[in-house]
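Scroll down for the structure; my scribbles are underneath it.
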Protein chains: 2
Amino acid sequence: MLNIRVPTLILDKPKCLENIRRMAEKAETSRVKFRPHFKTHQSAEIGNWFRSFNVSAITVSSVGMAHYFANQGWNDITIAFPVNIREMESINQLAGRIKLNILLVNPEPVHELNLKLSHEVGVFVKIDTGYNRTGISADNVKEITQILEHINKSAKLEFMGFLTHTGHTYKTNSTNEIKTLYTHAIEKLNCLKKTFSSEFKKITLSIGDTPSCSIINEFENIDEIRPGNFVFYDLMQQFLGACTFDQIAVSMACPVVAKNKERKELIIYGGAVHFSKEYIISKEQGITYGQVIGFTKKGWDFFETNNYLAALSQEHGVVKVSDQIFARFQTGDVLGIIPVHSCLTANLMKGYVTLEGDIIDHI
Amino acid sequence: MLNIRVPTLILDKPKCLENIRRMAEKAETSRVKFRPHFKTHQSAEIGNWFRSFNVSAITVSSVGMAHYFANQGWNDITIAFPVNIREMESINQLAGRIKLNILLVNPEPVHELNLKLSHEVGVFVKIDTGYNRTGISADNVKEITQILEHINKSAKLEFMGFLTHTGHTYKTNSTNEIKTLYTHAIEKLNCLKKTFSSEFKKITLSIGDTPSCSIINEFENIDEIRPGNFVFYDLMQQFLGACTFDQIAVSMACPVVAKNKERKELIIYGGAVHFSKEYIISKEQGITYGQVIGFTKKGWDFFETNNYLAALSQEHGVVKVSDQIFARFQTGDVLGIIPVHSCLTANLMKGYVTLEGDIIDHI
C-alpha cells in the first residue's frame with residue numbers, strides 16, 4: 001500500500017481504462033459517435049487515455065473546462081450547459097480556435113449571440129425528455145420551431161441537432177426503469193427529427209447520462225452518446241445498477257484517527273471537504289456517504305455493505321462497521337471508502353494517485 | 001454591481017468585521033480567551049482582520065491549515081482534529097517553530113507521539129459532551145484518568161485542558177435548546193476540572209461551535225471559545241437562530257442562464273461544485289440549498305423565503321421563485337443566493353470578492 005498521510009483519491013488505472021474501452025467499443029459497434037463528458041475526471045492525462053480509443057470529440061460543462069481541454073489539444077468540444085452570455089469574450093476566444101458547440105435551452109440568448117459572437121459556433125437545442133431541469137419540452141413543437149427559426153436566421157449559429165440529458169434515470173429503482181426512460185427519450189428525439197427533417201438535412205441526436213449508456217447494450221436511432229461518470233463509476237451508479245462494485249475505479253484512502261467501541265465507529269480523516277455531501281439512501285443503512293473497502297497489494301476488496309460512511313463533518317468521517325471490521329482497523333491504519341459521487345469527490349480532491357503511486361492531474 | 005461572469009463568492013466586509021468585533025468584544029467582556037476557528041474563511045487576509053481585535057491564538061482543522069497560518073505569522077495554533085499520527089513529520093516541523101496544541105480523543109496515539117515527537121506540544125483532551133462524534137465521554141472518568149496518566153508520564157506532551165465541540169447544537173429546534181446543551185456541556189467540563197484540579201494546577205476549558213457562542217451573551221466557567229462560522233454566518237445559522245439574515249456576510253452571485261415559466265424556475269450557473277450539497281429542511285419549502293437575494297448598489301436585499309435554491313447538479317442550480325421574482329430576473333441577469341453552509345461554499349470557491357471588487361485569498 002502507498003504511504004498515505006492525508007485523505008487521498010486512489011485511481012485503479014486498469015479498471016478506468018477498461019471502463020473507457022467498454023464504452024468506446026459499445027459506441028463503435030452501435031456506430032454512434034462517442035463524445036465523452038470530461039467533467040467527471042477533469043484531467044489532462046485521463047483525457048489523453050481516451051485518444052487511444054479513437055475519441056476526438058468531447059463534452060464539458062463549463063467554458064473554463066473547455067479552455068482547459070482546448071489547451072490540451074482537443075479541438076471539437078460541446079459545452080453541455082446553457083450558454084452563459086456573460087462569458088461571451090471567453091466563448092469567442094474558444095470559437096476562434098476550435099470547433100465549438102454551445103447549448104440553447106431557450107430562445108432568449110439568440111439575440112445577444114448574434115450581436116456578440118465573433119465566429120460561427122455549432123448549436124445544440126436542449127430538449128427536455130422528462131428530467132425537468134432545463135430544455136424545451138419535447139412536446140412543445142411550437143417553441144422548438146421558433147428557436148430553430150431564430151437559429152436559421154442567424155449567420156453565427158449553425159444548427160447541430162437535438163441534445164437531451166435523461167438525468168431522471170438517477171431517480172429510478174431498477175435498470176428496467178432506466179431502459180424505459182431511455183427508450184422514451186430516444187422516441188421523443190426521433191419524433192422531433194422527423195418533424196424537422198425536411199428543413200434540416202443533418203440533425204444529430206445526442207443523449208447523455210451514465211446509467212442509460214451503461215445499461216443499454218446497443219444504441220439505435222441515436223447519433224451521439226455523452227456519458228461522463230462511467231470513467232470511474234461510484235457507489236451511486238452501483239446502487240442504480242449501472243455498474244458492478246468491481247467496475248468502480250476510484251476510492252478514497254483515509255487515515256483512521258479514532259475508534260469508538262460502544263458505537264462501533266471508526267473516525268477517519270476524510271470529511272465533506274474531501275467526499276462532498278452527496279449521499280444515497282439504502283434500505284438497510286439509511287443515509288450513506290460511502291462504502292468501506294480494504295486495500296490489498298493489488299487494489300481493494302469489498303466488505304459487507306453494513307460497513308459504511310454514516311456521517312461527515314468538514315474534515316471528519318464517521319464510519320459504522322461490523323465487529324469484525326472494527327477489530328481489523330486500528331488508529332493510524334488506512335481505511336478505504338468508495339465515494340457516492342466520484343465527480344464531486346474528484347472535484348474536491350483535485351488530483352489522483354494510481355495504485356502504483358503515480359500522480360494524475362485534475363484542473 | 002460587480003461585473004460577474006461566473007459564480008462568485010461575494011463578501012460584505014463591513015458585516016464580516018462587525019461579526020468579528022461582536023464576538024471578540026463578548027469574549028473580552030466575559031474574560032475568556034478568543035481562539036477563533038479559521039477553517040471557515042481559510043484566508044490569510046481575513047485572518048489578519050482578527051489581529052486588530054487582539055486575537056493572537058487560533059484554531060484550525062488540519063495540519064496543512066496550521067502550516068498555512070504559521071506561514072502568515074500565527075504562532076499559537078490548536079489543531080482541533082484528532083491527531084493523525086501519519087502526519088508526524090509535518091507536526092514536528094510545526095512544533096519546532098510555533099506553540100502547537102494537538103487533540104487527543106483517545107489514548108492510542110500517545111505511544112507513537114512519545115516515540116516520534118521531536119518537540120514538546122500542548123495537548124487538549126477531547127471530551128464528548130453529547131455530540132457523539134469524537135472524544136471520551138464526560139462521564140467516563142476512568143478513561144480520562146488513564147489518558148491523563150499517559151500524558152503526565154510523557155516528556156513530550158503538556159496537558160492543556162479539556163476541549164469540547166457541542167456540535168449537537170446543529171440539530172436543535174430552538175435557541176433555548178442550544179442554551180441547554182451549552183449549559184450541560186459547561187457543567188460537565190467543570191465537573192472534570194474539579195475532579196482533576198489537585199493533580200493539574202492549570203486546566204483550560206475550551207468550547208466551540210458558532211450556535212452556542214452566538215446565542216450565549218456571557219461566558220461563565222469557561223476559559224476559551226473557538227467559534228469559526230460566525231465570521232460569515234450562513235442560512236443554516238439563521239435557521240438555527242444563531243444570527244439574523246442581516247448578519248450573514250457572504251453570498252453567491254450567479255448568472256441566470258434559463259427560465260422555466262411553467263415551473264416558475266430560474267436556472268443559474270452555480271451548482272454542487274460551487275455551493276456544496278449541504279441543505280436545510282424548512283417546513284415550508286422542504287430541502288433548501290440556499291435563499292434568493294437581490295444585489296443592490298451597497299449590498300443585497302432579502303426576498304420572501306419562498307424564493308430558494310431547490311436543486312443542484314454539478315454546475316446547475318434550480319431556483320424556485322415567486323411570480324414577482326420570476327418577472328424581475330431575465331436570462332443574463334445576476335441572481336444572489338445565501339449559501340446554506342458558508343464553510344463548505346468558501347472551501348469550494350477558493351476566494352472571495354468584496355462588494356467593492358477587491359479579491360480576497362483562500363488557501
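For the C-alpha cells, the naming scheme is as follows: chains receive sequential letters (A, B, ...) according to their order of presentation, residues are indexed from 1 within each chain, and ligands are indexed from 1 in presentation order.
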Write down, as a JSON list (two decimals) with C-alpha atoms, in the first residue's frame, each residue of chain A that has any atom within 6 Å of an atom of chain B, counting only C-alpha atoms.
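Result file is part-v4.json:
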[["chain", "number", "residue", "atom", "x", "y", "z"],
["A", 5, "ARG", "CA", -0.64, 10.72, 5.15],
["A", 82, "PRO", "CA", -26.99, 26.54, -21.13],
["A", 84, "ASN", "CA", -23.96, 31.92, -20.37],
["A", 86, "ARG", "CA", -21.86, 36.79, -19.52],
["A", 87, "GLU", "CA", -18.92, 34.75, -20.85],
["A", 257, "VAL", "CA", -7.80, 8.74, 13.66],
["A", 277, "LYS", "CA", -22.01, 15.64, 0.98]]
Practice problem: Considering only C-alpha atoms, return as a list of chain:residue names whatever protein or nucleic-acid residues lie within 8 Å of Phe302 of chain B, sequence-local ones (same chain, fewer than 5 positions apart) excluded. | Solution: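 Using only C-alpha atoms, the neighbours found are B:Phe245, B:Val292, B:Ile293, B:Gly294.
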Could you take the residues named above and write them with C-alpha atoms, as a short mmCIF file (atom, residue, chain, number, x, y, z; two decimals), in the first residue's frame?
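Okay, result.cif is ready:
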data_model
loop_
_atom_site.label_atom_id
_atom_site.label_comp_id
_atom_site.auth_asym_id
_atom_site.auth_seq_id
_atom_site.Cartn_x
_atom_site.Cartn_y
_atom_site.Cartn_z
CA PHE B 245 -30.34 37.44 7.90
CA VAL B 292 -32.52 34.12 -3.00
CA ILE B 293 -31.35 37.70 -2.55
CA GLY B 294 -31.17 40.66 -4.89
#
Quiz prompt | Picked from segment 121-360 of chain A by DSSP as helix (DSSP H, G or I), as a PyMOL selection string | solution = chain A and resi 141-153+167-171+175-196+210-215+229-231+235-240+245-247+272-275+323-328+342-349
Exercise. Fewer than 3 positions away in the same chain doesn't count, so skip those; otherwise give me all residues within 6 Å of Ile248 of chain B, counting only C-alpha atoms, as a ChimeraX atom specification.
Key: /B:232-234,245
Quiz item: Out of segment 116-330 of chain B, which residues get strand (DSSP E) from DSSP, as an MDAnalysis selection string?
Solution: chainID B and resid 121:128 136:137 157:164 204:207 224:225 250:260 265:269 280:282 286:288 290:295 300:302 308:312 316:320
Quiz item: Quick one: of B:Ala242, B:Leu117, B:Leu189, B:Leu181, who's nearest to Asn92 of chain B, counting only C-alpha atoms?
Solution: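 Of B:Ala242, B:Leu117, B:Leu189, B:Leu181, the one nearest Asn92 of chain B is B:Leu117, counting only C-alpha atoms.
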Quiz item: Smallest atom-to-atom distance to Asn114 of chain B: which of B:Arg35, B:Ala80, B:Asn152, B:Val353, using only C-alpha atoms?
Solution: B:Asn152
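Atom CA of Lys126 of chain B to atom CA of Asn19 of chain B spans 27.1 Å [interatomic distance, one decimal].
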Quiz item: How far is it from atom CA of Pro339 of chain A to atom CA of Tyr289 of chain A, in Å with one decimal?
Solution: 6.7 Å
Self-check item: Contacts of Val141 of chain B at 12 Å (only C-alpha atoms; same-chain gap of 5+ positions) as number ranges by chain
Solution: B: 127-128, 136, 146-148, 188-189, 191-196
Self-check item: For Thr172 of chain A, the nearest of the candidates A:Gly241, A:Gly228, A:Gly122, A:Gly351, counting only C-alpha atoms
Solution: A:Gly241
Can you tell me, as a CSV table (one decimal) with C-alpha atoms, in the first residue's frame, what residues are no more than 10 Å from His119 of chain A when counting only C-alpha atoms, ignoring any on the same chain fewer than 6 positions away?
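In the end it all went to around06.csv:
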chain,number,residue,atom,x,y,z
A,91,ILE,CA,-16.6,31.9,-25.8
A,92,ASN,CA,-15.3,34.0,-28.7
A,93,GLN,CA,-11.7,33.1,-27.8
A,94,LEU,CA,-12.6,29.4,-28.0
A,95,ALA,CA,-14.8,29.7,-31.1
A,96,GLY,CA,-11.8,31.3,-32.9
A,97,ARG,CA,-9.6,28.3,-32.4
A,100,LEU,CA,-17.2,24.7,-30.5
A,155,ALA,CA,-25.3,33.9,-39.6
A,156,LYS,CA,-23.3,32.9,-36.5
A,157,LEU,CA,-25.3,29.9,-35.3
As a tab-separated table (two decimals) with C-alpha atoms, in the first residue's frame, please: the residues near Lys15 of chain B (cut-off 9 Å, only C-alpha atoms, same-chain neighbours under 5 positions excluded).
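Final output, result.tsv:
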chain	number	residue	atom	x	y	z
B	20	ILE	CA	-15.64	39.54	14.38
B	231	VAL	CA	-17.15	35.20	10.72
B	232	PHE	CA	-19.57	34.84	7.79
B	246	ASP	CA	-28.60	40.82	8.06
B	247	GLN	CA	-25.56	39.42	9.83
B	248	ILE	CA	-24.75	36.98	7.02
B	249	ALA	CA	-21.61	38.35	5.35
B	250	VAL	CA	-21.32	36.12	2.26
Quiz item: Ile287 of chain A: which residues within 12 Å, counting only C-alpha atoms, same-chain residues fewer than 2 positions away excluded, as an MDAnalysis selection string?
Solution: chainID A and resid 277:285 289:291 306 308:312 319:320 340
